[in-house]
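**Student:** Structure file run32.txt (compact mmCIF, C-alpha atoms) is given on the next line.
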# COMPACT_ATOMS: atom_id res chain seq x y z
CA LEU H 85 7.06 -26.88 99.54
CA ILE H 86 4.96 -24.21 97.81
CA PRO H 87 2.90 -22.16 100.27
CA PHE H 88 -0.84 -22.72 99.96
CA TRP H 89 -1.55 -19.11 99.06
CA VAL H 90 1.01 -19.25 96.24
CA LEU H 91 -0.59 -22.43 94.89
CA CYS H 92 -4.02 -20.75 94.96
CA LEU H 93 -2.59 -17.74 93.14
CA ILE H 94 -1.05 -19.95 90.46
CA ILE H 95 -4.32 -21.82 89.92
CA THR H 96 -6.27 -18.55 89.73
CA CYS H 97 -3.83 -17.12 87.19
CA MET H 98 -4.05 -20.28 85.08
CA MET H 99 -7.84 -20.09 85.08
CA LEU H 100 -7.77 -16.40 84.11
CA PHE H 101 -5.28 -17.12 81.34
CA HIS H 102 -7.46 -19.93 79.98
CA HIS H 103 -10.51 -17.66 80.02
CA LEU H 104 -8.60 -14.88 78.28
CA LEU H 105 -7.26 -17.31 75.70
CA CYS H 106 -10.75 -18.60 74.91
CA THR H 107 -12.14 -15.08 74.49
CA MET H 108 -9.36 -14.19 72.02
CA LEU H 109 -9.78 -17.32 69.90
CA SER H 110 -12.35 -18.09 67.25
CA LEU H 111 -15.34 -20.15 68.38
CA ARG H 112 -13.83 -23.29 66.88
CA GLN H 113 -10.44 -22.78 68.49
CA SER H 114 -12.04 -21.88 71.81
CA LEU H 115 -14.10 -25.07 71.81
CA LEU H 116 -11.11 -27.21 70.83
CA ASN H 117 -9.27 -25.68 73.79
CA GLY H 118 -11.99 -26.70 76.25
CA GLY H 119 -14.25 -23.65 76.04
CA LYS H 120 -18.04 -23.66 76.24
CA ALA H 121 -20.48 -21.77 74.05
CA TYR H 122 -24.13 -20.78 74.44
CA GLY H 123 -26.31 -19.29 71.74
CA SER H 124 -29.71 -18.93 70.15
CA MET H 125 -31.28 -19.77 66.79
CA VAL H 126 -32.58 -17.24 64.27
CA MET H 127 -35.68 -18.37 62.38
CA SER H 128 -37.24 -14.95 61.72
CA ASN H 129 -35.13 -14.30 58.60
CA SER H 130 -34.91 -10.73 59.91
CA PRO H 131 -31.65 -8.73 59.71
CA VAL H 132 -33.05 -6.38 62.36
CA VAL H 133 -33.60 -9.21 64.84
CA THR H 134 -30.25 -10.76 63.94
CA GLU H 135 -28.40 -7.50 64.50
CA LEU H 136 -30.14 -6.95 67.83
CA MET H 137 -29.42 -10.49 69.06
CA GLY H 138 -25.81 -10.09 68.01
CA GLN H 139 -25.46 -7.26 70.53
CA VAL H 140 -26.73 -9.03 73.65
CA GLY H 141 -23.73 -11.30 74.25
CA TYR H 142 -24.45 -14.73 72.76
CA ASP H 143 -21.38 -16.74 71.76
CA PHE H 144 -23.07 -17.69 68.49
CA LEU H 145 -26.29 -17.34 66.54
CA LEU H 146 -27.51 -20.37 64.62
CA ILE H 147 -28.95 -18.99 61.38
CA ASP H 148 -31.51 -21.50 60.19
CA HIS H 149 -31.98 -22.35 56.52
CA GLU H 150 -33.71 -25.68 57.21
CA HIS H 151 -37.11 -24.71 58.64
CA ALA H 152 -36.95 -20.91 58.30
CA PRO H 153 -37.76 -19.05 55.04
CA THR H 154 -34.11 -18.00 54.81
CA THR H 155 -32.45 -18.25 51.39
CA ILE H 156 -28.86 -17.82 50.27
CA GLU H 157 -29.55 -14.18 49.41
CA SER H 158 -31.44 -13.28 52.59
CA GLY H 159 -29.01 -15.38 54.62
CA GLN H 160 -26.11 -13.23 53.43
CA GLY H 161 -28.06 -10.22 54.68
CA LEU H 162 -28.34 -11.86 58.10
CA LEU H 163 -24.60 -12.54 58.13
CA GLN H 164 -23.95 -8.90 57.25
CA ALA H 165 -26.29 -7.79 60.04
CA LEU H 166 -24.34 -9.92 62.51
CA SER H 167 -20.94 -8.68 61.35
CA GLY H 168 -21.18 -5.67 63.67
CA SER H 169 -21.01 -7.91 66.73
CA SER H 170 -17.63 -8.13 68.44
CA LYS H 171 -18.51 -11.41 70.20
CA THR H 172 -21.21 -13.39 68.43
CA GLU H 173 -20.20 -15.73 65.60
CA PRO H 174 -22.57 -17.10 62.95
CA ILE H 175 -23.33 -20.77 62.47
CA VAL H 176 -25.44 -21.52 59.41
CA ARG H 177 -27.70 -24.57 59.43
CA LEU H 178 -28.18 -25.76 55.87
CA PRO H 179 -31.52 -27.19 54.61
CA SER H 180 -29.79 -30.52 53.88
CA HIS H 181 -26.47 -31.79 52.71
CA ASP H 182 -26.01 -30.19 49.31
CA VAL H 183 -22.58 -29.46 47.87
CA VAL H 184 -23.76 -26.43 45.89
CA TYR H 185 -25.70 -24.95 48.81
CA MET H 186 -22.68 -25.44 51.08
CA LYS H 187 -20.47 -23.64 48.56
CA LYS H 188 -22.81 -20.66 48.43
CA VAL H 189 -23.10 -20.49 52.24
CA LEU H 190 -19.34 -20.60 52.73
CA ASP H 191 -18.73 -18.01 50.01
CA SER H 192 -21.17 -15.66 51.73
CA MET H 193 -19.76 -16.12 55.25
CA LYS H 194 -16.90 -14.13 56.70
CA LEU H 195 -15.00 -16.32 59.11
CA PRO H 196 -14.77 -17.16 61.93
CA GLY H 197 -18.04 -19.08 61.94
CA GLY H 198 -19.52 -22.49 61.40
CA VAL H 199 -21.84 -24.72 59.42
CA LEU H 200 -24.34 -27.32 60.62
CA VAL H 201 -25.76 -30.02 58.33
CA PRO H 202 -28.95 -31.74 59.52
CA MET H 203 -30.03 -35.36 59.25
CA VAL H 204 -26.60 -36.98 58.95
CA ASP H 205 -27.04 -40.70 59.61
CA THR H 206 -23.96 -42.39 58.16
CA VAL H 207 -20.19 -42.13 57.91
CA GLU H 208 -20.48 -41.63 54.15
CA MET H 209 -22.76 -38.61 54.62
CA ALA H 210 -20.37 -37.12 57.18
CA GLN H 211 -17.43 -37.60 54.84
CA GLU H 212 -19.35 -35.84 52.07
CA VAL H 213 -20.07 -32.92 54.39
CA VAL H 214 -16.37 -32.52 55.17
CA ALA H 215 -15.45 -32.76 51.48
CA SER H 216 -17.93 -30.00 50.62
CA THR H 217 -16.18 -27.61 53.06
CA ARG H 218 -12.67 -28.16 51.68
CA TYR H 219 -11.01 -27.09 48.47
CA PRO H 220 -9.30 -29.67 46.24
CA PRO H 221 -7.36 -31.82 46.57
CA ALA H 222 -8.69 -32.39 50.11
CA GLY H 223 -12.33 -31.84 49.10
CA LYS H 224 -14.71 -30.70 46.39
CA ARG H 225 -15.58 -27.09 47.23
CA GLY H 226 -15.69 -24.91 44.13
CA CYS H 227 -13.40 -21.89 44.13
CA ALA H 228 -14.17 -18.19 43.61
CA VAL H 229 -11.98 -16.85 46.42
CA PRO H 230 -11.18 -13.39 44.99
CA PHE H 231 -14.81 -12.50 44.31
CA VAL H 232 -16.85 -13.54 47.36
CA ARG H 233 -17.75 -12.05 50.71
CA GLY H 234 -15.87 -14.79 52.57
CA SER H 235 -12.52 -13.34 51.50
CA GLY H 236 -13.69 -9.73 51.76
CA TRP H 237 -14.23 -9.64 48.00
CA GLY H 238 -10.54 -10.36 47.53
CA MET H 239 -9.52 -7.17 49.31
CA THR H 240 -9.50 -8.08 53.02
CA LEU H 241 -7.72 -11.43 52.75
CA GLN H 242 -5.23 -12.78 50.28
CA GLN H 243 -5.85 -16.29 48.99
CA ASP H 244 -3.35 -17.99 51.32
CA GLU H 245 -4.73 -16.11 54.31
CA TYR H 246 -8.29 -17.10 53.48
CA LEU H 247 -7.37 -20.76 52.97
CA LYS H 248 -5.61 -20.77 56.35
CA GLN H 249 -8.66 -19.20 57.99
CA CYS H 250 -10.92 -21.88 56.46
CA GLU H 251 -8.65 -24.52 57.94
CA ASN H 252 -8.44 -23.00 61.42
CA ASP H 253 -11.67 -21.12 62.05
CA LEU H 254 -14.50 -22.95 60.26
CA LEU H 255 -16.46 -25.08 62.73
CA VAL H 256 -17.88 -28.12 60.90
CA MET H 257 -20.87 -29.72 62.62
CA VAL H 258 -23.31 -32.46 61.68
CA GLN H 259 -26.68 -33.07 63.26
CA VAL H 260 -27.65 -36.61 64.28
CA GLU H 261 -31.42 -36.76 64.63
CA THR H 262 -32.60 -40.34 64.14
CA GLU H 263 -32.42 -43.66 65.95
CA PHE H 264 -30.54 -45.08 62.95
CA GLY H 265 -28.05 -42.23 63.13
CA VAL H 266 -27.36 -42.97 66.78
CA THR H 267 -26.34 -46.53 65.85
CA ASN H 268 -23.61 -45.01 63.66
CA ILE H 269 -22.76 -42.04 65.84
CA ALA H 270 -19.44 -43.34 67.17
CA ASP H 271 -18.18 -43.89 63.63
CA ILE H 272 -19.51 -40.49 62.50
CA ALA H 273 -17.63 -38.87 65.39
CA ALA H 274 -14.44 -40.51 64.14
CA VAL H 275 -14.65 -38.93 60.67
CA ASP H 276 -11.69 -36.63 60.09
CA GLY H 277 -12.89 -33.05 59.78
CA ILE H 278 -16.07 -33.36 61.86
CA ASP H 279 -15.52 -31.01 64.80
CA MET H 280 -18.84 -31.58 66.54
CA ILE H 281 -21.92 -33.77 66.56
CA PHE H 282 -25.02 -31.75 67.31
CA LEU H 283 -28.03 -33.56 68.77
CA GLY H 284 -31.59 -32.66 67.84
CA PRO H 285 -33.82 -34.03 70.61
CA MET H 286 -37.08 -33.17 68.83
CA ASP H 287 -36.25 -35.22 65.75
CA LEU H 288 -34.64 -37.94 67.85
CA SER H 289 -37.90 -38.33 69.77
CA ALA H 290 -39.90 -38.22 66.53
CA SER H 291 -37.75 -40.97 65.01
CA ILE H 292 -39.10 -43.44 67.59
CA GLY H 293 -42.68 -42.22 67.38
CA LYS H 294 -42.58 -40.05 70.51
CA MET H 295 -42.27 -36.51 69.16
CA GLY H 296 -41.61 -33.97 71.88
CA GLN H 297 -42.00 -36.50 74.71
CA PHE H 298 -38.68 -35.56 76.27
CA ASP H 299 -39.51 -37.19 79.62
CA ASP H 300 -40.30 -40.55 78.03
CA PRO H 301 -37.82 -43.24 79.20
CA GLN H 302 -37.11 -44.38 75.63
CA VAL H 303 -36.39 -40.86 74.47
CA ILE H 304 -34.15 -40.19 77.47
CA ALA H 305 -32.28 -43.46 76.87
CA LEU H 306 -31.76 -42.68 73.17
CA VAL H 307 -30.39 -39.19 73.90
CA GLN H 308 -28.15 -40.50 76.67
CA GLU H 309 -26.81 -43.23 74.38
CA ALA H 310 -25.95 -40.63 71.75
CA GLU H 311 -24.31 -38.33 74.31
CA GLU H 312 -22.22 -41.13 75.80
CA LYS H 313 -20.91 -42.30 72.44
CA VAL H 314 -19.88 -38.79 71.40
CA ARG H 315 -18.24 -38.10 74.78
CA GLU H 316 -16.11 -41.21 74.25
CA SER H 317 -14.61 -39.70 71.09
CA PRO H 318 -11.11 -38.28 71.58
CA THR H 319 -11.57 -35.69 68.82
CA CYS H 320 -15.26 -34.89 68.33
CA LEU H 321 -17.17 -32.44 70.54
CA LEU H 322 -20.79 -32.65 71.67
CA GLY H 323 -23.39 -29.96 70.98
CA GLY H 324 -27.14 -29.73 70.78
CA PHE H 325 -30.44 -28.01 71.34
CA ARG H 326 -31.72 -27.63 74.88
CA PRO H 327 -35.12 -29.29 75.31
CA PRO H 328 -37.52 -27.66 77.80
CA THR H 329 -36.93 -30.47 80.31
CA ARG H 330 -33.21 -29.69 80.80
CA ASN H 331 -31.23 -26.74 82.09
CA VAL H 332 -28.11 -25.35 80.48
CA GLN H 333 -25.83 -25.88 83.47
CA GLU H 334 -26.65 -29.59 83.62
CA MET H 335 -25.98 -29.99 79.89
CA PHE H 336 -22.58 -28.32 80.18
CA THR H 337 -21.56 -30.27 83.29
CA GLU H 338 -23.15 -33.72 83.62
CA GLY H 339 -24.09 -33.86 79.93
CA GLY H 340 -20.61 -33.01 78.69
CA TYR H 341 -21.80 -30.54 76.07
CA SER H 342 -19.38 -28.00 74.62
CA LEU H 343 -22.04 -25.99 72.79
CA VAL H 344 -25.74 -25.49 73.53
CA ALA H 345 -28.42 -23.65 71.56
CA GLY H 346 -31.00 -22.82 74.20
CA SER H 347 -33.61 -20.62 72.51
CA VAL H 348 -35.15 -19.48 69.21
CA ASP H 349 -35.79 -15.86 68.29
CA MET H 350 -39.43 -16.55 67.38
CA GLY H 351 -39.97 -18.36 70.68
CA LEU H 352 -38.43 -15.49 72.63
CA LEU H 353 -40.66 -13.02 70.81
CA ARG H 354 -43.76 -15.17 71.28
CA GLU H 355 -43.24 -15.57 75.02
CA ALA H 356 -42.43 -11.87 75.49
CA ALA H 357 -45.60 -10.92 73.58
CA LYS H 358 -47.70 -13.32 75.65
CA GLN H 359 -46.34 -11.88 78.86
CA ASP H 360 -46.94 -8.36 77.57
CA ILE H 361 -50.60 -8.96 76.73
CA LYS H 362 -51.09 -10.88 79.96
CA GLY H 363 -49.74 -7.96 81.97
CA ALA H 364 -51.83 -5.46 80.05
CA GLY H 365 -54.97 -7.58 80.34
CA SER H 366 -54.78 -7.60 84.12
CA THR H 367 -55.05 -3.80 84.17
CA ILE H 368 -58.02 -3.45 81.80
Spit out the file's structure as structure tokens when you get a sec.
**Tutor:**
Amino acid sequence: LIPFWVLCLIITCMMLFHHLLCTMLSLRQSLLNGGKAYGSMVMSNSPVVTELMGQVGYDFLLIDHEHAPTTIESGQGLLQALSGSSKTEPIVRLPSHDVVYMKKVLDSMKLPGGVLVPMVDTVEMAQEVVASTRYPPAGKRGCAVPFVRGSGWGMTLQQDEYLKQCENDLLVMVQVETEFGVTNIADIAAVDGIDMIFLGPMDLSASIGKMGQFDDPQVIALVQEAEEKVRESPTCLLGGFRPPTRNVQEMFTEGGYSLVAGSVDMGLLREAAKQDIKGAGSTI
């Protein structure tokens, strides 16, 4: 029999090894190996804010092109601002599913990193997303490997190295945000090449006429249905935004989330400014 203290030592070493392994891997590989990730969203379109947030320790920053004024050109500046971080990876949320826009985003992004496509409601849409991230013959991504930032302008990575990195270290995520999408979510999760389904509780609540009513029983039931169906998938991970009614620990444990975006840069700035003026006002 193994002495109890030896068993405890073995378990501790295994846990430390797993943690070390996850910190050495790309975000995608870490998540596929059971890791968890917490991050924030950048809507300010500011390279200064992006660079600052990349230094505080987030696992990822979700760079928004959907609701923010970010463009392909300014978005590349945000990616460059984040490149100085030794820990934080970029995930770019596209405005919609667009093959050309996806191509430009991927060409501008140095991996490891990820992409998130909003409003994906069907298997066909999910398949199109995957195809837009892959070069022929597996997909339909246009090729300019030697001349784009993604490959280090053809100087950092050779073509074969870059193609291997795209295969291993590009996290492909789709966002399910409607009641109709939830009816198809199990089949979307089964699409080859979809690493994660990302839930948007605000749009999910809006899709049933209850925008932002996160405590409403119908909204709770819809989110829970989506979560359960994704958790049942043997290959697809669960991610999402944290609504104000939930805490991060609960989402990672009971909720079964692998990745959570829990804040927005503009919200953090707004609340800090409100607290600042409140504190100053009490002394005047």
**Student:** With all atoms listed in the file as the basis for distance, which of H:Thr319, H:Thr329, H:Thr240, H:Gln113 is at the shortest distance from Ala273 (chain H)?
**Tutor:**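 Closest residue, counting all atoms listed in the file: H:Thr319.
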**Student:** Sorted by chain and rising residue number, which residues of region 220-294 of chain H lie within 7 Å of region 182-197 of chain H, and what are their closest atom pairs and distances in Å to one decimal, counting all atoms listed in the file, as CSV?
**Tutor:**
residue,atom,partner,partner_atom,distance
H:Arg225,CA,H:Lys187,CA,6.1
H:Gly226,CA,H:Lys187,CA,6.6
H:Val232,CA,H:Asp191,CA,5.5
H:Arg233,CA,H:Ser192,CA,5.1
H:Gly234,CA,H:Lys194,CA,4.3
H:Ser235,CA,H:Lys194,CA,6.8
H:Asp253,CA,H:Pro196,CA,5.0
H:Leu254,CA,H:Gly197,CA,5.5
H:Leu255,CA,H:Gly197,CA,6.3
**Student:** Would you please work out which residue, of H:Ala152, H:Val229, H:Val266, H:Leu247, is nearest to Thr206 (chain H) when using all atoms listed in the file?
**Tutor:** H:Val266
**Student:** Figure out the distance between CA of Cys320 (chain H) and CA of Thr155 (chain H), please, to one decimal in Å.
**Tutor:**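 For CA of Thr155 (chain H) relative to CA of Cys320 (chain H), the distance reads 29.3 Å.
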**Student:** For Ile292 (chain H), work out the shell of residues within 12 Å, counting only C-alpha atoms and skipping chain neighbours fewer than 5 positions away, then give it as number ranges by chain.
**Tutor:** H: 261-266, 285-287, 297-298, 300-307
**Student:** Rounded to one decimal place, report the CA of Gly284 (chain H)-CA of Arg218 (chain H) distance in Å.
**Tutor:** 25.3 Å
**Student:** Excluding Glu316 (chain H) and its own-chain neighbours fewer than 3 positions away, which residues fall within 12 Å of it when counting all atoms listed in the file? Please give them as a list in words.
**Tutor:**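 In the requested format, the answer is Ile269, Ala270, Asp271, Ala273, Ala274, Glu309, Ala310, Glu311, Glu312, Lys313, Thr319, Cys320, Leu321, Leu322 and Gly340 of chain H.
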**Student:** Looking at H:Val344, H:Gly238, H:Asn252, H:Leu353, which one is nearest to Tyr142 (chain H), with distances taken over all atoms listed in the file?
**Tutor:**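 Of all the options, H:Val344 lies closest to Tyr142 (chain H).
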**Student:** Find, counting only C-alpha atoms, the residue in H:Met257, H:Ala210, H:Val140, H:Ala222 that gets nearest to Gly198 (chain H).
**Tutor:**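 Under the stated criterion, the closest residue is H:Met257.
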**Student:** Which one of H:Phe144, H:Phe325, H:Phe336, H:Phe231 sits closest to Ser110 (chain H) if you count all atoms listed in the file?
**Tutor:**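 For Ser110 (chain H), the nearest of the candidates is H:Phe144.
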**Student:** Please report the interatomic distance between CA of Asp244 (chain H) and CA of Pro221 (chain H) in Å with one decimal.
**Tutor:**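 One can read the CA of Asp244 (chain H) to CA of Pro221 (chain H) distance as 15.2 Å.
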**Student:** Please put the answer as JSON: centre and edge lengths, in Å with one decimal, of a box along x, y and z that encloses all listed atoms of region 301-307 of chain H plus 8 Å on each side.
**Tutor:**
{"center_x": -34.1, "center_y": -41.8, "center_z": 76.2, "size_x": 23.4, "size_y": 21.2, "size_z": 22.0}
**Student:** If we count only C-alpha atoms and set the cut-off at 10 Å, which residues sit around Gly168 (chain H), ignoring sequence neighbours fewer than 3 positions away in its own chain? Please answer as a list in words.
**Tutor:**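 That gives Glu135, Leu136, Gly138, Gln139, Leu163, Gln164, Ala165, Lys171 and Thr172 of chain H.
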**Student:** Identify, on the basis of all atoms listed in the file, every residue whose closest approach to Lys120 (chain H) does not exceed 8 Å; exclude the query and any residue fewer than 2 positions from it along the same chain; express the result as a ChimeraX atom specification.
**Tutor:** /H:114-115,118,122,336,341-343
**Student:** Write the selection just made, keeping C-alpha atoms, as a tab-separated table (two decimals), in the coordinates of the input?
**Tutor:**
chain	number	residue	atom	x	y	z
H	114	SER	CA	-12.04	-21.88	71.81
H	115	LEU	CA	-14.10	-25.07	71.81
H	118	GLY	CA	-11.99	-26.70	76.25
H	122	TYR	CA	-24.13	-20.78	74.44
H	336	PHE	CA	-22.58	-28.32	80.18
H	341	TYR	CA	-21.80	-30.54	76.07
H	342	SER	CA	-19.38	-28.00	74.62
H	343	LEU	CA	-22.04	-25.99	72.79
**Student:** Give as a list in words each residue that has an atom at most 12 Å from (-31.6, -7.4, 61.9) in the file, counting only C-alpha atoms.
**Tutor:**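 Counting only C-alpha atoms, I find these residues within 12 Å of (-31.6, -7.4, 61.9): Val126, Met127, Ser128, Asn129, Ser130, Pro131, Val132, Val133, Thr134, Glu135, Leu136, Met137, Gly138, Gln139, Ile147, Ser158, Gly159, Gln160, Gly161, Leu162, Leu163, Gln164, Ala165, Leu166, Ser167, Gly168, Ser169 and Asp349 of chain H.
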